[in-house]
Amino acid sequence: MKNLLVTGGAGFIGSNFARYMLEKYPHYKIVVFDKLTYAGNLDNLRDVASSPRYAFVQGDICSADEVQGAIRAHAIDTIVNFAAETHVDRSILDADAFLRTNVVGTFVLLEAAKQFGLERYHQISTDEVYGWVDKPAHEDDPLIPRSPYAAAKASGDLMVNAYYVTHHVPTTITRASNTVGPYQYPEKVVPLFITNALENEPLPLYGDGKQIRDWLYVTDHCEAVDVVLHQGKVGEVYNVGGDNERHNVEVVKLILDTLDKSPDLVRRVADRSGHDRRYSLGIEKIEQLGWKPRHSFEGALTETIHWYAENKWWWQKIKSGDYREYYERQYGERLRTSEAITV
Ligand code: NAD
Ligand code: DAU
């Protein structure tokens, strides 16, 4: 393994992974392949752009020609697929791009992995494929996705398994929990609430705020993918959790306290349709490979809050563009009919 195609590498986790791998493996070449959708951003990679071991290709994973061209041009031996439509709320507004990228795009990459006889195809997946759970989900549990986003990701996982079984493509899958850290697009709850709080704008909390997510710091997520790439067993799935399950209200409180902002900023707004109450992962399988999360909940959130406070240049640019239109569509009416909530 030495020439990696990191699809979706201009997004949040993919760009952190590209940086992590370039630093850790001085003989690896990292080729980021990304369509640059609204969520893709070359600012995320500007500190690695001058590395002679880094290249960027703008392309769509749904295009076999573009994918195969990049594999040929850069002698790729491994694909790590981060490319996806990733925001649950957007999948409720319109699921079309989710089906194309998360399902058809995954199929196109698997076909390329088969045709070129690649050493490994690694799929980045999510705890959301297990659906709302009342106890930690394990790798062999049934997939019961409940949002269009989660259903598209689960379909991608099924296709990966089919290519392993039928075509013997050497695949692995990681299913990770809610990830936080630098360069996350400010539509996801943590960067949205941090940046709104920094601008003294309301924090729109869905429903009662008692939903549970398991928080994972982005470098822990990257290390887990690295461990599975190098030590994971082909054909297997590995859960990657942060061991940090918290209610959403606890996330809000920590953000407000750290930034010394008033709890009056929090608004209770109409809930997400089909909102999953809890995600939770059993991580014993990946622990057997020697990985465990390094960051506590407070550590992960605090590092993230400080990064956004110190890097306003990065998110203020994003929030002044097309983002405003999305924000009005998603939150305009919700905020006009919101209520105060004590957190
Ligand atoms: P992101 O939205 O920040 O980035 C996605 C990237 O994919 C963007 O750069 C975008 O331009 C690119 N992309 C989208 N469609 C593409 C296409 N058709 N062809 C090529 N590139 C395309 O996403 P993220 O939060 O970094 O998530 C990365 C992966 O991790 C996704 O597969 C997601 O499902 C998974 N995941 C995310 C989390 C999380 O909490 N963020 C947790 C578990 C799993
Ligand atoms: O669990 C892994 C998943 O985590 C990833 O697969 C997804 O790509 C990623 O987007 C994330 O999905 P969630 O739906 O859990 O993340 P989000 O940040 O959208 O929401 C987290 C929680 O916060 C959820 O319970 C909904 C709530 N929320 C979210 C937003 C955007 C709010 O209360 N208000 C908001 O404005």
# chains A, B, ... in the order shown; residues from 1 in each chain; ligands from 1

call {"tool": "residues_near_ligand", "arguments": {"ligand": "ligand 2", "cutoff": "9 Å", "atoms": "only C-alpha atoms and all ligand atoms", "output": "number ranges by chain"}}
result
A: 84-89, 125-129, 149-150, 153, 175-179, 186-193, 203-215, 247-249, 251, 268-269, 271-272, 275-280, 330-331

call {"tool": "residues_near_ligand", "arguments": {"ligand": "ligand 1", "cutoff": "6 Å", "atoms": "only C-alpha atoms and all ligand atoms", "output": "VMD selection string"}}
result
chain A and resid 7 to 14 34 to 37 39 to 40 59 to 62 82 to 86 101 124 to 126 176 to 179 184 to 185

call {"tool": "residues_around", "arguments": {"residues": "Asp157 (chain A)", "least_positions_apart": "3", "cutoff": "12 Å", "atoms": "only C-alpha atoms", "output": "PyMOL selection string"}}
result
chain A and resi 81+102-107+110+121-130+139+143+145+150-154+160-164+171-175+235-238

call {"tool": "residues_around", "arguments": {"residues": "Leu281 (chain A)", "least_positions_apart": "4", "cutoff": "8 Å", "atoms": "only C-alpha atoms", "output": "mmCIF file with C-alpha atoms, in the first residue's frame"}}
result
data_model
loop_
_atom_site.group_PDB
_atom_site.id
_atom_site.type_symbol
_atom_site.label_atom_id
_atom_site.label_comp_id
_atom_site.auth_asym_id
_atom_site.auth_seq_id
_atom_site.Cartn_x
_atom_site.Cartn_y
_atom_site.Cartn_z
ATOM 1 C CA ASP A 127 -23.269 4.086 13.056
ATOM 2 C CA PRO A 136 -24.609 -0.765 21.740
ATOM 3 C CA ALA A 137 -24.794 -2.084 18.166
ATOM 4 C CA HIS A 138 -22.276 -4.678 16.984
ATOM 5 C CA SER A 177 -19.952 7.639 15.371
ATOM 6 C CA ASN A 239 -17.202 -0.149 14.544
ATOM 7 C CA VAL A 240 -15.387 3.034 15.597
ATOM 8 C CA GLY A 241 -16.953 4.764 18.595
#

call {"tool": "closest_residue", "arguments": {"among": "A:Leu22, A:Leu256, A:Val228, A:Leu109", "to": "Asn3 (chain A)", "atoms": "only C-alpha atoms"}}
result
A:Leu22

call {"tool": "closest_residue", "arguments": {"among": "A:Glu111, A:Glu287, A:Glu23, A:Asp65", "to": "Ser51 (chain A)", "atoms": "only C-alpha atoms"}}
result
A:Glu23

call {"tool": "closest_residue", "arguments": {"among": "A:Asp257, A:Glu199, A:Asp220, A:Asp141", "to": "Lys319 (chain A)", "atoms": "only C-alpha atoms"}}
result
A:Glu199

call {"tool": "atom_distance", "arguments": {"atom1": "CA of Leu229 (chain A)", "atom2": "CA of Arg120 (chain A)"}}
result
7.9 Å

call {"tool": "closest_residue", "arguments": {"among": "A:Glu223, A:Glu298, A:Asp243, A:Glu201", "to": "Asp264 (chain A)", "atoms": "only C-alpha atoms"}}
result
A:Glu201

call {"tool": "select_by_dssp", "arguments": {"residues": "region 116-231 of chain A", "states": "strand (DSSP E or B)", "output": "PyMOL selection string"}}
result
chain A and resi 120-126+137+171-176+178-180+203-206+212-217

call {"tool": "decode", "arguments": {"residues": "region 240-265 of chain A", "atoms": "N, CA and C atoms", "output": "compact mmCIF listing (two decimals), in the first residue's frame"}}
result
# COMPACT_ATOMS: atom_id res chain seq x y z
N VAL A 240 -16.34 2.06 15.04
CA VAL A 240 -15.39 3.03 15.60
C VAL A 240 -16.18 4.05 16.42
N GLY A 241 -16.18 3.86 17.73
CA GLY A 241 -16.95 4.76 18.59
C GLY A 241 -16.03 5.53 19.52
N GLY A 242 -16.54 6.64 20.07
CA GLY A 242 -15.71 7.49 20.93
C GLY A 242 -15.84 7.16 22.41
N ASP A 243 -16.78 6.26 22.78
CA ASP A 243 -17.04 5.94 24.18
C ASP A 243 -17.46 7.21 24.93
N ASN A 244 -18.17 8.10 24.22
CA ASN A 244 -18.57 9.40 24.77
C ASN A 244 -20.04 9.68 24.49
N GLU A 245 -20.93 8.83 24.96
CA GLU A 245 -22.36 9.08 24.69
C GLU A 245 -22.87 10.22 25.57
N ARG A 246 -23.51 11.19 24.93
CA ARG A 246 -24.06 12.34 25.67
C ARG A 246 -25.38 12.77 25.04
N HIS A 247 -26.27 13.35 25.88
CA HIS A 247 -27.48 13.99 25.35
C HIS A 247 -27.08 15.28 24.62
N ASN A 248 -27.87 15.67 23.64
CA ASN A 248 -27.56 16.92 22.92
C ASN A 248 -27.50 18.12 23.86
N VAL A 249 -28.35 18.15 24.90
CA VAL A 249 -28.31 19.30 25.82
C VAL A 249 -26.95 19.42 26.51
N GLU A 250 -26.28 18.30 26.73
CA GLU A 250 -24.95 18.37 27.36
C GLU A 250 -23.93 18.99 26.41
N VAL A 251 -24.12 18.72 25.11
CA VAL A 251 -23.22 19.32 24.10
C VAL A 251 -23.42 20.83 24.10
N VAL A 252 -24.69 21.26 24.11
CA VAL A 252 -24.99 22.69 24.10
C VAL A 252 -24.40 23.38 25.32
N LYS A 253 -24.59 22.76 26.48
CA LYS A 253 -24.09 23.38 27.73
C LYS A 253 -22.59 23.57 27.69
N LEU A 254 -21.87 22.54 27.22
CA LEU A 254 -20.41 22.64 27.19
C LEU A 254 -19.96 23.76 26.24
N ILE A 255 -20.64 23.89 25.11
CA ILE A 255 -20.29 24.95 24.14
C ILE A 255 -20.52 26.32 24.79
N LEU A 256 -21.69 26.51 25.40
CA LEU A 256 -22.00 27.82 26.00
C LEU A 256 -21.05 28.15 27.14
N ASP A 257 -20.77 27.15 27.99
CA ASP A 257 -19.87 27.40 29.13
C ASP A 257 -18.47 27.75 28.66
N THR A 258 -17.98 26.99 27.67
CA THR A 258 -16.60 27.22 27.21
C THR A 258 -16.47 28.61 26.58
N LEU A 259 -17.51 29.04 25.87
CA LEU A 259 -17.43 30.35 25.19
C LEU A 259 -17.98 31.48 26.07
N ASP A 260 -18.42 31.12 27.29
CA ASP A 260 -18.98 32.10 28.22
C ASP A 260 -20.15 32.87 27.59
N LYS A 261 -21.09 32.10 27.02
CA LYS A 261 -22.26 32.70 26.37
C LYS A 261 -23.52 32.38 27.17
N SER A 262 -24.56 33.19 26.94
CA SER A 262 -25.80 33.05 27.71
C SER A 262 -26.64 31.87 27.24
N PRO A 263 -27.24 31.12 28.19
CA PRO A 263 -28.16 30.02 27.83
C PRO A 263 -29.39 30.53 27.08
N ASP A 264 -29.64 31.84 27.13
CA ASP A 264 -30.79 32.40 26.40
C ASP A 264 -30.66 32.24 24.88
N LEU A 265 -29.45 31.94 24.41
CA LEU A 265 -29.27 31.75 22.96
C LEU A 265 -29.96 30.49 22.46
